[in-house]
$ cat protein27.cif   # mmCIF, C-alpha atoms and all ligand atoms; chains and numbers go by the auth columns
data_run
#
loop_
_atom_site.group_PDB
_atom_site.id
_atom_site.type_symbol
_atom_site.label_atom_id
_atom_site.label_comp_id
_atom_site.label_asym_id
_atom_site.label_seq_id
_atom_site.Cartn_x
_atom_site.Cartn_y
_atom_site.Cartn_z
_atom_site.B_iso_or_equiv
_atom_site.auth_seq_id
_atom_site.auth_asym_id
ATOM 1 C CA MET A 1 19.280 28.918 -2.912 0.00 1 A
ATOM 2 C CA GLY A 2 21.246 28.034 -6.004 0.00 2 A
ATOM 3 C CA CYS A 3 22.036 24.487 -4.866 0.00 3 A
ATOM 4 C CA GLU A 4 21.401 21.432 -6.977 0.00 4 A
ATOM 5 C CA LEU A 5 19.253 18.642 -5.533 0.00 5 A
ATOM 6 C CA GLN A 6 19.132 15.056 -6.691 0.00 6 A
ATOM 7 C CA ILE A 7 15.627 13.585 -6.855 0.00 7 A
ATOM 8 C CA SER A 8 14.325 10.192 -7.878 0.00 8 A
ATOM 9 C CA ALA A 9 11.708 9.549 -10.552 0.00 9 A
ATOM 10 C CA PRO A 10 8.040 9.477 -9.432 0.00 10 A
ATOM 11 C CA ARG A 11 6.950 6.067 -8.159 0.00 11 A
ATOM 12 C CA ASN A 12 3.365 4.809 -7.904 0.00 12 A
ATOM 13 C CA VAL A 13 2.525 1.771 -5.785 0.00 13 A
ATOM 14 C CA PHE A 14 -1.210 2.593 -5.795 0.00 14 A
ATOM 15 C CA ALA A 15 -1.938 2.629 -9.505 0.00 15 A
ATOM 16 C CA LEU A 16 -5.193 2.025 -11.364 0.00 16 A
ATOM 17 C CA SER A 17 -5.555 -1.244 -13.232 0.00 17 A
ATOM 18 C CA ASP A 18 -6.068 -0.997 -16.988 0.00 18 A
ATOM 19 C CA THR A 19 -8.228 -4.102 -17.064 0.00 19 A
ATOM 20 C CA ALA A 20 -10.876 -3.445 -14.375 0.00 20 A
ATOM 21 C CA CYS A 21 -14.470 -3.375 -15.672 0.00 21 A
ATOM 22 C CA HIS A 22 -15.442 -1.234 -12.669 0.00 22 A
ATOM 23 C CA ALA A 23 -13.436 0.460 -9.925 0.00 23 A
ATOM 24 C CA LEU A 24 -14.809 0.673 -6.387 0.00 24 A
ATOM 25 C CA LEU A 25 -12.919 3.454 -4.594 0.00 25 A
ATOM 26 C CA LEU A 26 -13.364 3.338 -0.810 0.00 26 A
ATOM 27 C CA GLY A 27 -12.028 6.219 1.258 0.00 27 A
ATOM 28 C CA GLY A 28 -12.088 6.682 5.028 0.00 28 A
ATOM 29 C CA GLY A 29 -11.736 10.321 6.129 0.00 29 A
ATOM 30 C CA ILE A 30 -8.788 12.086 4.541 0.00 30 A
ATOM 31 C CA GLY A 31 -7.900 8.741 2.919 0.00 31 A
ATOM 32 C CA ILE A 32 -10.062 9.830 -0.012 0.00 32 A
ATOM 33 C CA THR A 33 -7.236 12.115 -1.212 0.00 33 A
ATOM 34 C CA PRO A 34 -5.555 9.645 -3.611 0.00 34 A
ATOM 35 C CA LEU A 35 -8.973 8.288 -4.616 0.00 35 A
ATOM 36 C CA VAL A 36 -10.150 11.709 -5.768 0.00 36 A
ATOM 37 C CA ALA A 37 -7.166 11.814 -8.134 0.00 37 A
ATOM 38 C CA MET A 38 -8.149 8.356 -9.370 0.00 38 A
ATOM 39 C CA ALA A 39 -11.752 9.494 -9.862 0.00 39 A
ATOM 40 C CA HIS A 40 -10.550 12.397 -12.025 0.00 40 A
ATOM 41 C CA GLN A 41 -8.483 9.994 -14.118 0.00 41 A
ATOM 42 C CA LEU A 42 -11.233 7.377 -14.489 0.00 42 A
ATOM 43 C CA HIS A 43 -13.759 10.026 -15.491 0.00 43 A
ATOM 44 C CA GLN A 44 -11.340 11.479 -18.015 0.00 44 A
ATOM 45 C CA VAL A 45 -10.882 8.136 -19.783 0.00 45 A
ATOM 46 C CA GLY A 46 -14.583 7.213 -19.530 0.00 46 A
ATOM 47 C CA ARG A 47 -14.198 4.215 -17.188 0.00 47 A
ATOM 48 C CA GLN A 48 -16.893 3.108 -14.721 0.00 48 A
ATOM 49 C CA PHE A 49 -16.300 3.731 -11.038 0.00 49 A
ATOM 50 C CA THR A 50 -17.908 4.470 -7.689 0.00 50 A
ATOM 51 C CA LEU A 51 -16.252 6.631 -5.064 0.00 51 A
ATOM 52 C CA ALA A 52 -17.639 5.790 -1.614 0.00 52 A
ATOM 53 C CA VAL A 53 -16.601 8.187 1.118 0.00 53 A
ATOM 54 C CA PHE A 54 -16.853 7.315 4.808 0.00 54 A
ATOM 55 C CA ALA A 55 -16.770 10.044 7.460 0.00 55 A
ATOM 56 C CA ARG A 56 -18.057 10.690 10.979 0.00 56 A
ATOM 57 C CA THR A 57 -20.337 13.604 10.069 0.00 57 A
ATOM 58 C CA ARG A 58 -21.116 15.724 7.005 0.00 58 A
ATOM 59 C CA GLU A 59 -19.196 18.603 8.611 0.00 59 A
ATOM 60 C CA SER A 60 -16.054 16.458 8.839 0.00 60 A
ATOM 61 C CA LEU A 61 -16.274 15.325 5.198 0.00 61 A
ATOM 62 C CA PRO A 62 -12.898 16.056 3.549 0.00 62 A
ATOM 63 C CA LEU A 63 -12.643 17.674 0.091 0.00 63 A
ATOM 64 C CA ARG A 64 -16.385 18.345 0.210 0.00 64 A
ATOM 65 C CA THR A 65 -16.330 21.062 -2.463 0.00 65 A
ATOM 66 C CA ILE A 66 -14.706 18.708 -4.967 0.00 66 A
ATOM 67 C CA LEU A 67 -17.032 15.832 -4.098 0.00 67 A
ATOM 68 C CA GLU A 68 -20.124 18.006 -4.543 0.00 68 A
ATOM 69 C CA ASN A 69 -19.096 19.973 -7.630 0.00 69 A
ATOM 70 C CA SER A 70 -16.928 17.714 -9.788 0.00 70 A
ATOM 71 C CA ALA A 71 -18.110 16.449 -13.169 0.00 71 A
ATOM 72 C CA TRP A 72 -18.223 12.944 -11.663 0.00 72 A
ATOM 73 C CA ARG A 73 -20.262 13.824 -8.546 0.00 73 A
ATOM 74 C CA HIS A 74 -22.987 11.368 -9.658 0.00 74 A
ATOM 75 C CA CYS A 75 -20.429 8.573 -9.015 0.00 75 A
ATOM 76 C CA VAL A 76 -19.938 9.625 -5.377 0.00 76 A
ATOM 77 C CA SER A 77 -21.742 8.105 -2.407 0.00 77 A
ATOM 78 C CA VAL A 78 -21.276 9.495 1.094 0.00 78 A
ATOM 79 C CA HIS A 79 -21.674 7.328 4.198 0.00 79 A
ATOM 80 C CA LEU A 80 -21.745 8.937 7.617 0.00 80 A
ATOM 81 C CA ASP A 81 -21.331 7.354 11.045 0.00 81 A
ATOM 82 C CA ASP A 82 -24.180 9.441 12.438 0.00 82 A
ATOM 83 C CA GLU A 83 -26.747 8.077 9.957 0.00 83 A
ATOM 84 C CA ALA A 84 -29.578 5.963 11.364 0.00 84 A
ATOM 85 C CA GLU A 85 -28.400 2.858 9.488 0.00 85 A
ATOM 86 C CA PRO A 86 -24.769 3.431 8.493 0.00 86 A
ATOM 87 C CA VAL A 87 -23.490 1.539 5.449 0.00 87 A
ATOM 88 C CA ARG A 88 -20.216 -0.345 5.953 0.00 88 A
ATOM 89 C CA PRO A 89 -17.506 -0.707 3.287 0.00 89 A
ATOM 90 C CA ALA A 90 -18.150 -4.469 3.430 0.00 90 A
ATOM 91 C CA ASP A 91 -21.756 -3.888 2.263 0.00 91 A
ATOM 92 C CA LEU A 92 -20.529 -2.130 -0.889 0.00 92 A
ATOM 93 C CA ILE A 93 -17.887 -4.786 -1.516 0.00 93 A
ATOM 94 C CA GLU A 94 -20.545 -7.477 -1.301 0.00 94 A
ATOM 95 C CA ARG A 95 -22.721 -5.652 -3.862 0.00 95 A
ATOM 96 C CA SER A 96 -19.880 -4.781 -6.271 0.00 96 A
ATOM 97 C CA PRO A 97 -20.063 -6.033 -9.876 0.00 97 A
ATOM 98 C CA LEU A 98 -18.222 -9.165 -10.961 0.00 98 A
ATOM 99 C CA GLY A 99 -14.630 -8.443 -11.964 0.00 99 A
ATOM 100 C CA CYS A 100 -14.602 -5.142 -10.071 0.00 100 A
ATOM 101 C CA HIS A 101 -11.299 -3.886 -8.615 0.00 101 A
ATOM 102 C CA VAL A 102 -11.329 -2.260 -5.170 0.00 102 A
ATOM 103 C CA TYR A 103 -9.023 0.598 -4.125 0.00 103 A
ATOM 104 C CA PHE A 104 -9.010 1.778 -0.523 0.00 104 A
ATOM 105 C CA CYS A 105 -7.242 4.167 1.789 0.00 105 A
ATOM 106 C CA GLY A 106 -8.104 5.342 5.289 0.00 106 A
ATOM 107 C CA PRO A 107 -7.337 4.971 8.992 0.00 107 A
ATOM 108 C CA ALA A 108 -6.211 1.674 10.543 0.00 108 A
ATOM 109 C CA GLY A 109 -9.644 0.330 11.591 0.00 109 A
ATOM 110 C CA PHE A 110 -11.102 1.155 8.177 0.00 110 A
ATOM 111 C CA MET A 111 -8.219 -0.604 6.399 0.00 111 A
ATOM 112 C CA GLU A 112 -8.578 -3.685 8.585 0.00 112 A
ATOM 113 C CA GLY A 113 -12.325 -3.867 7.813 0.00 113 A
ATOM 114 C CA VAL A 114 -11.805 -3.685 4.044 0.00 114 A
ATOM 115 C CA GLN A 115 -8.908 -6.163 4.167 0.00 115 A
ATOM 116 C CA GLN A 116 -11.198 -8.620 5.954 0.00 116 A
ATOM 117 C CA ALA A 117 -14.062 -8.060 3.506 0.00 117 A
ATOM 118 C CA THR A 118 -11.809 -8.684 0.483 0.00 118 A
ATOM 119 C CA LYS A 119 -9.698 -11.531 1.832 0.00 119 A
ATOM 120 C CA HIS A 120 -11.468 -14.017 -0.481 0.00 120 A
ATOM 121 C CA TRP A 121 -10.816 -11.803 -3.543 0.00 121 A
ATOM 122 C CA SER A 122 -7.977 -12.360 -5.986 0.00 122 A
ATOM 123 C CA PRO A 123 -5.071 -10.147 -4.752 0.00 123 A
ATOM 124 C CA ASP A 124 -4.782 -8.696 -8.262 0.00 124 A
ATOM 125 C CA ARG A 125 -8.148 -6.964 -7.746 0.00 125 A
ATOM 126 C CA VAL A 126 -7.348 -5.490 -4.338 0.00 126 A
ATOM 127 C CA HIS A 127 -5.330 -2.256 -4.159 0.00 127 A
ATOM 128 C CA PHE A 128 -4.635 -0.163 -1.080 0.00 128 A
ATOM 129 C CA GLU A 129 -2.470 2.519 0.412 0.00 129 A
ATOM 130 C CA TYR A 130 -1.717 2.852 4.119 0.00 130 A
ATOM 131 C CA PHE A 131 -0.999 6.130 5.933 0.00 131 A
ATOM 132 C CA GLN A 132 1.359 4.230 8.197 0.00 132 A
ATOM 133 C CA ALA A 133 2.241 0.628 8.928 0.00 133 A
ATOM 134 C CA PRO A 134 -0.327 -1.114 11.153 0.00 134 A
ATOM 135 C CA ALA A 135 0.857 -1.440 14.744 0.00 135 A
ATOM 136 C CA VAL A 136 0.689 -5.236 14.569 0.00 136 A
ATOM 137 C CA SER A 137 3.356 -5.497 11.873 0.00 137 A
ATOM 138 C CA ALA A 138 6.273 -3.779 13.540 0.00 138 A
ATOM 139 C CA PRO A 139 8.516 -2.873 10.628 0.00 139 A
ATOM 140 C CA VAL A 140 11.765 -3.205 12.503 0.00 140 A
ATOM 141 C CA PRO A 141 11.896 -6.087 14.953 0.00 141 A
ATOM 142 C CA LEU A 142 13.850 -4.958 17.988 0.00 142 A
ATOM 143 C CA THR A 143 13.787 -8.165 19.995 0.00 143 A
ATOM 144 C CA THR A 144 14.393 -11.805 19.214 0.00 144 A
ATOM 145 C CA ALA A 145 10.880 -12.769 20.400 0.00 145 A
ATOM 146 C CA GLU A 146 9.662 -13.026 16.804 0.00 146 A
ATOM 147 C CA PRO A 147 10.982 -15.985 14.753 0.00 147 A
ATOM 148 C CA THR A 148 12.176 -13.715 11.917 0.00 148 A
ATOM 149 C CA ALA A 149 13.764 -11.210 14.313 0.00 149 A
ATOM 150 C CA ARG A 150 17.145 -12.883 14.107 0.00 150 A
ATOM 151 C CA SER A 151 20.358 -12.236 12.292 0.00 151 A
ATOM 152 C CA PHE A 152 20.984 -13.509 8.767 0.00 152 A
ATOM 153 C CA ASN A 153 23.246 -12.713 5.812 0.00 153 A
ATOM 154 C CA VAL A 154 22.498 -10.909 2.577 0.00 154 A
ATOM 155 C CA HIS A 155 24.562 -11.574 -0.514 0.00 155 A
ATOM 156 C CA LEU A 156 24.714 -8.855 -3.157 0.00 156 A
ATOM 157 C CA ALA A 157 25.021 -10.829 -6.386 0.00 157 A
ATOM 158 C CA ARG A 158 26.289 -8.052 -8.659 0.00 158 A
ATOM 159 C CA ARG A 159 28.877 -6.855 -6.149 0.00 159 A
ATOM 160 C CA ASN A 160 29.792 -10.339 -4.913 0.00 160 A
ATOM 161 C CA MET A 161 29.548 -8.995 -1.372 0.00 161 A
ATOM 162 C CA THR A 162 28.042 -10.684 1.701 0.00 162 A
ATOM 163 C CA LEU A 163 26.880 -8.679 4.722 0.00 163 A
ATOM 164 C CA ALA A 164 25.521 -9.734 8.111 0.00 164 A
ATOM 165 C CA VAL A 165 22.154 -8.273 9.150 0.00 165 A
ATOM 166 C CA PRO A 166 21.889 -8.214 12.976 0.00 166 A
ATOM 167 C CA HIS A 167 18.487 -8.895 14.553 0.00 167 A
ATOM 168 C CA ASN A 168 18.038 -5.219 15.469 0.00 168 A
ATOM 169 C CA GLN A 169 18.960 -3.627 12.129 0.00 169 A
ATOM 170 C CA THR A 170 17.156 -3.467 8.815 0.00 170 A
ATOM 171 C CA ILE A 171 18.668 -4.730 5.575 0.00 171 A
ATOM 172 C CA ALA A 172 18.458 -1.169 4.235 0.00 172 A
ATOM 173 C CA HIS A 173 20.503 0.239 7.123 0.00 173 A
ATOM 174 C CA VAL A 174 23.149 -2.479 6.824 0.00 174 A
ATOM 175 C CA LEU A 175 23.509 -1.841 3.096 0.00 175 A
ATOM 176 C CA GLN A 176 23.616 1.933 3.488 0.00 176 A
ATOM 177 C CA SER A 177 26.252 1.618 6.239 0.00 177 A
ATOM 178 C CA ALA A 178 28.345 -0.455 3.826 0.00 178 A
ATOM 179 C CA GLY A 179 28.104 2.283 1.196 0.00 179 A
ATOM 180 C CA VAL A 180 25.524 0.511 -0.973 0.00 180 A
ATOM 181 C CA PRO A 181 22.914 3.044 -2.160 0.00 181 A
ATOM 182 C CA VAL A 182 19.340 2.162 -1.115 0.00 182 A
ATOM 183 C CA ASP A 183 16.483 4.656 -1.545 0.00 183 A
ATOM 184 C CA THR A 184 14.421 4.954 1.627 0.00 184 A
ATOM 185 C CA VAL A 185 11.565 7.369 2.306 0.00 185 A
ATOM 186 C CA CYS A 186 8.925 6.000 4.691 0.00 186 A
ATOM 187 C CA GLU A 187 11.024 3.208 6.292 0.00 187 A
ATOM 188 C CA GLN A 188 7.703 1.543 7.173 0.00 188 A
ATOM 189 C CA GLY A 189 7.122 -0.641 4.124 0.00 189 A
ATOM 190 C CA ILE A 190 4.552 1.708 2.609 0.00 190 A
ATOM 191 C CA CYS A 191 6.097 3.841 -0.134 0.00 191 A
ATOM 192 C CA GLY A 192 7.957 1.193 -2.150 0.00 192 A
ATOM 193 C CA SER A 193 11.153 3.274 -2.441 0.00 193 A
ATOM 194 C CA CYS A 194 13.431 0.524 -1.156 0.00 194 A
ATOM 195 C CA VAL A 195 11.857 -2.390 -3.059 0.00 195 A
ATOM 196 C CA THR A 196 14.594 -4.533 -4.598 0.00 196 A
ATOM 197 C CA PRO A 197 14.560 -7.804 -6.556 0.00 197 A
ATOM 198 C CA TYR A 198 15.906 -10.883 -4.792 0.00 198 A
ATOM 199 C CA LEU A 199 17.294 -13.972 -6.504 0.00 199 A
ATOM 200 C CA GLU A 200 17.490 -16.673 -3.825 0.00 200 A
ATOM 201 C CA GLY A 201 16.360 -17.284 -0.258 0.00 201 A
ATOM 202 C CA HIS A 202 13.068 -16.893 1.594 0.00 202 A
ATOM 203 C CA PRO A 203 12.115 -13.380 2.681 0.00 203 A
ATOM 204 C CA ALA A 204 9.761 -12.693 5.584 0.00 204 A
ATOM 205 C CA HIS A 205 7.735 -9.914 3.968 0.00 205 A
ATOM 206 C CA LYS A 206 6.575 -7.138 6.296 0.00 206 A
ATOM 207 C CA ASP A 207 5.743 -4.421 3.795 0.00 207 A
ATOM 208 C CA MET A 208 2.309 -3.000 3.056 0.00 208 A
ATOM 209 C CA CYS A 209 2.985 -2.042 -0.561 0.00 209 A
ATOM 210 C CA LEU A 210 3.772 -5.182 -2.575 0.00 210 A
ATOM 211 C CA ALA A 211 1.158 -7.484 -4.115 0.00 211 A
ATOM 212 C CA GLU A 212 1.625 -11.220 -3.541 0.00 212 A
ATOM 213 C CA SER A 213 2.730 -11.619 -7.161 0.00 213 A
ATOM 214 C CA GLU A 214 5.393 -8.923 -6.671 0.00 214 A
ATOM 215 C CA ARG A 215 6.604 -10.509 -3.435 0.00 215 A
ATOM 216 C CA ALA A 216 7.626 -13.609 -5.386 0.00 216 A
ATOM 217 C CA SER A 217 10.676 -11.719 -6.658 0.00 217 A
ATOM 218 C CA ASN A 218 10.898 -8.448 -4.685 0.00 218 A
ATOM 219 C CA ILE A 219 11.539 -7.414 -1.095 0.00 219 A
ATOM 220 C CA ALA A 220 11.192 -4.113 0.784 0.00 220 A
ATOM 221 C CA LEU A 221 14.606 -3.665 2.368 0.00 221 A
ATOM 222 C CA CYS A 222 13.472 -1.175 5.020 0.00 222 A
ATOM 223 C CA CYS A 223 11.276 -3.615 6.935 0.00 223 A
ATOM 224 C CA SER A 224 11.321 -7.185 5.631 0.00 224 A
ATOM 225 C CA ARG A 225 13.582 -9.889 7.028 0.00 225 A
ATOM 226 C CA SER A 226 14.780 -13.299 5.903 0.00 226 A
ATOM 227 C CA VAL A 227 13.570 -16.691 7.019 0.00 227 A
ATOM 228 C CA SER A 228 16.548 -18.361 5.320 0.00 228 A
ATOM 229 C CA ASP A 229 20.093 -17.860 6.665 0.00 229 A
ATOM 230 C CA LEU A 230 21.129 -16.289 3.360 0.00 230 A
ATOM 231 C CA LEU A 231 19.165 -13.980 1.092 0.00 231 A
ATOM 232 C CA THR A 232 20.626 -13.113 -2.312 0.00 232 A
ATOM 233 C CA LEU A 233 19.700 -9.695 -3.665 0.00 233 A
ATOM 234 C CA ASP A 234 19.961 -8.489 -7.250 0.00 234 A
ATOM 235 C CA LEU A 235 22.284 -5.659 -6.250 0.00 235 A
HETATM 236 S S1 LIG B . 11.345 3.016 2.442 0.00 1 B
HETATM 237 FE FE1 LIG B . 9.233 3.009 2.009 0.00 1 B
HETATM 238 S S2 LIG B . 8.832 0.915 1.597 0.00 1 B
HETATM 239 FE FE2 LIG B . 10.881 0.920 2.259 0.00 1 B
#
$ encode --input "protein27.cif" --output "structure tokens"
Amino acid sequence: MGCELQISAPRNVFALSDTACHALLLGGGIGITPLVAMAHQLHQVGRQFTLAVFARTRESLPLRTILENSAWRHCVSVHLDDEAEPVRPADLIERSPLGCHVYFCGPAGFMEGVQQATKHWSPDRVHFEYFQAPAVSAPVPLTTAEPTARSFNVHLARRNMTLAVPHNQTIAHVLQSAGVPVDTVCEQGICGSCVTPYLEGHPAHKDMCLAESERASNIALCCSRSVSDLLTLDL
């Protein structure tokens, strides 16, 4: 009580595109939570969208009251595992209008399925948010078995400081230990808090929040590594 807390500004790494002619919102289970907020926003500004919700049974459908009573309920389709012929997210992606953007959030298997179904799409039209990093992309390599799980140096251009990053530590931890402020929240490459511009070198990206276009000049310090011996950060 009575103490002052320092907080950072809100950050959104799962934002709606302003240019999409149609938004296909795909939610698996409780993963529909951010998509419901998007549906409210799209309806408010009069943009076209479909919210497709995937759940095991009607009883397990999350946010059911909102889905059934909102002003945009005619834009909602519900797909249940216990239906005679269940619809897959890939079916809806295949039938989506030209130029459509897809937004998806859900459990690991659901995410993998949608990633596969959209792998031929332009990355600019594919937007997603993970609950947690997939098991296959271990955010912090702890052994040297992986080619990028080795030590390298980071140079902080603005501070003219060079630091060694051992194979078993993240860039974020090394910087924080050296007194360099780095915002970290999820430490799994999901939230985008630690994303920092880099100037030179070749990162090994392991995040789940940056688009390919953003990766050309940014790196998530909590999980990504460096392929080059030296990585220069804009810090
Ligand atoms: S702390 Fe969340 S992406 Fe790095």
$ resolve_selection --input "protein27.cif" --expression "the PyMOL selection byres (((chain A and resi 206-220) around 6) and not hetatm)" --output "ChimeraX atom specification"
/A:189-190,194-198,205,221-224
$ closest_residue --input "protein27.cif" --among "A:Leu63, A:Leu235, A:Ile171, A:Ala37" --to "ligand LIG 1 (chain B)" --atoms "only C-alpha atoms and all ligand atoms"
A:Ile171
$ resolve_selection --input "protein27.cif" --expression "the PyMOL selection byres (((chain A and resi 200-202) around 10) and not hetatm)" --output "list in words"
Val154, His155, Ala157, Pro197, Tyr198, Leu199, Pro203, Ala204, His205, Ala216, Ser217, Ile219, Arg225, Ser226, Val227, Ser228, Asp229, Leu230, Leu231, Thr232, Leu233 and Asp234 of chain A
$ write_last_selection --input "protein27.cif" --atoms "C-alpha atoms" --output "PDB file, in the frame of the given file"
ATOM      1  CA  VAL A 154      22.498 -10.909   2.577  1.00  0.00           C
ATOM      2  CA  HIS A 155      24.562 -11.574  -0.514  1.00  0.00           C
ATOM      3  CA  ALA A 157      25.021 -10.829  -6.386  1.00  0.00           C
ATOM      4  CA  PRO A 197      14.560  -7.804  -6.556  1.00  0.00           C
ATOM      5  CA  TYR A 198      15.906 -10.883  -4.792  1.00  0.00           C
ATOM      6  CA  LEU A 199      17.294 -13.972  -6.504  1.00  0.00           C
ATOM      7  CA  PRO A 203      12.115 -13.380   2.681  1.00  0.00           C
ATOM      8  CA  ALA A 204       9.761 -12.693   5.584  1.00  0.00           C
ATOM      9  CA  HIS A 205       7.735  -9.914   3.968  1.00  0.00           C
ATOM     10  CA  ALA A 216       7.626 -13.609  -5.386  1.00  0.00           C
ATOM     11  CA  SER A 217      10.676 -11.719  -6.658  1.00  0.00           C
ATOM     12  CA  ILE A 219      11.539  -7.414  -1.095  1.00  0.00           C
ATOM     13  CA  ARG A 225      13.582  -9.889   7.028  1.00  0.00           C
ATOM     14  CA  SER A 226      14.780 -13.299   5.903  1.00  0.00           C
ATOM     15  CA  VAL A 227      13.570 -16.691   7.019  1.00  0.00           C
ATOM     16  CA  SER A 228      16.548 -18.361   5.320  1.00  0.00           C
ATOM     17  CA  ASP A 229      20.093 -17.860   6.665  1.00  0.00           C
ATOM     18  CA  LEU A 230      21.129 -16.289   3.360  1.00  0.00           C
ATOM     19  CA  LEU A 231      19.165 -13.980   1.092  1.00  0.00           C
ATOM     20  CA  THR A 232      20.626 -13.113  -2.312  1.00  0.00           C
ATOM     21  CA  LEU A 233      19.700  -9.695  -3.665  1.00  0.00           C
ATOM     22  CA  ASP A 234      19.961  -8.489  -7.250  1.00  0.00           C
TER      23      ASP A 234
END
$ axis_aligned_box --input "protein27.cif" --around "ligand LIG 1 (chain B)" --padding-each-side "5 Å" --output "JSON"
{"center_x": 10.1, "center_y": 2.0, "center_z": 2.0, "size_x": 12.5, "size_y": 12.1, "size_z": 10.8}
$ resolve_selection --input "protein27.cif" --expression "the PyMOL selection byres (((chain A and resi 48-57) around 6) and not hetatm)" --output "ChimeraX atom specification"
/A:22-29,47,58-61,75-81
$ atom_distance --input "protein27.cif" --atom1 "atom CA of Pro123 of chain A" --atom2 "atom CA of Ser17 of chain A"
12.3 Å
$ closest_residue --input "protein27.cif" --among "A:Val185, A:Leu16, A:Met111, A:Leu42" --to "ligand LIG 1 (chain B)" --atoms "only C-alpha atoms and all ligand atoms"
A:Val185
$ closest_residue --input "protein27.cif" --among "A:His173, A:Cys191, A:Val36, A:Val87" --to "Glu68 of chain A" --atoms "only C-alpha atoms"
A:Val36
$ closest_residue --input "protein27.cif" --among "A:His43, A:Trp121, A:Asn12, A:Ala71" --to "ligand LIG 1 (chain B)" --atoms "all atoms listed in the file"
A:Asn12
$ atom_distance --input "protein27.cif" --atom1 "atom CA of Gln41 of chain A" --atom2 "atom CA of Asp183 of chain A"
28.5 Å
$ closest_residue --input "protein27.cif" --among "A:Ser177, A:Gln6, A:Gln132, A:Asn160" --to "ligand LIG 1 (chain B)" --atoms "all atoms listed in the file"
A:Gln132
$ closest_residue --input "protein27.cif" --among "A:Ile66, A:Ala133, A:Cys105, A:Glu94" --to "Phe14 of chain A" --atoms "all atoms listed in the file"
A:Cys105
$ atom_distance --input "protein27.cif" --atom1 "atom CA of Leu67 of chain A" --atom2 "atom CA of Lys119 of chain A"
28.9 Å
$ residues_around --input "protein27.cif" --residues "segment 96-99 of chain A" --least-positions-apart "4" --cutoff "7 Å" --atoms "all atoms listed in the file" --output "MDAnalysis selection string"
chainID A and resid 20:21 92
$ build_atoms --input "protein27.cif" --residues "segment 45-59 of chain A" --atoms "N, CA and C atoms" --output "short mmCIF file (atom, residue, chain, number, x, y, z; two decimals), in the coordinates of the input"
data_model
loop_
_atom_site.label_atom_id
_atom_site.label_comp_id
_atom_site.auth_asym_id
_atom_site.auth_seq_id
_atom_site.Cartn_x
_atom_site.Cartn_y
_atom_site.Cartn_z
N VAL A 45 -11.00 9.18 -18.75
CA VAL A 45 -10.88 8.14 -19.78
C VAL A 45 -12.19 7.37 -19.98
N GLY A 46 -13.26 7.80 -19.31
CA GLY A 46 -14.58 7.21 -19.53
C GLY A 46 -14.76 5.83 -18.94
N ARG A 47 -14.06 5.54 -17.82
CA ARG A 47 -14.20 4.22 -17.19
C ARG A 47 -15.22 4.29 -16.05
N GLN A 48 -15.87 3.15 -15.77
CA GLN A 48 -16.89 3.11 -14.72
C GLN A 48 -16.27 3.02 -13.34
N PHE A 49 -16.80 3.80 -12.41
CA PHE A 49 -16.30 3.73 -11.04
C PHE A 49 -17.34 4.26 -10.06
N THR A 50 -17.14 3.90 -8.79
CA THR A 50 -17.91 4.47 -7.69
C THR A 50 -16.91 4.94 -6.65
N LEU A 51 -17.08 6.14 -6.16
CA LEU A 51 -16.25 6.63 -5.06
C LEU A 51 -17.13 6.70 -3.82
N ALA A 52 -16.87 5.81 -2.86
CA ALA A 52 -17.64 5.79 -1.61
C ALA A 52 -16.79 6.41 -0.51
N VAL A 53 -17.34 7.44 0.11
CA VAL A 53 -16.60 8.19 1.12
C VAL A 53 -17.22 7.94 2.49
N PHE A 54 -16.38 7.59 3.45
CA PHE A 54 -16.85 7.32 4.81
C PHE A 54 -16.29 8.38 5.76
N ALA A 55 -17.20 9.00 6.52
CA ALA A 55 -16.77 10.04 7.46
C ALA A 55 -17.68 10.02 8.68
N ARG A 56 -17.25 10.68 9.75
CA ARG A 56 -18.06 10.69 10.98
C ARG A 56 -19.35 11.49 10.76
N THR A 57 -19.19 12.72 10.28
CA THR A 57 -20.34 13.60 10.07
C THR A 57 -20.16 14.34 8.74
N ARG A 58 -21.22 14.97 8.26
CA ARG A 58 -21.12 15.72 7.00
C ARG A 58 -20.14 16.90 7.15
N GLU A 59 -20.10 17.47 8.36
CA GLU A 59 -19.20 18.60 8.61
C GLU A 59 -17.74 18.17 8.51
#
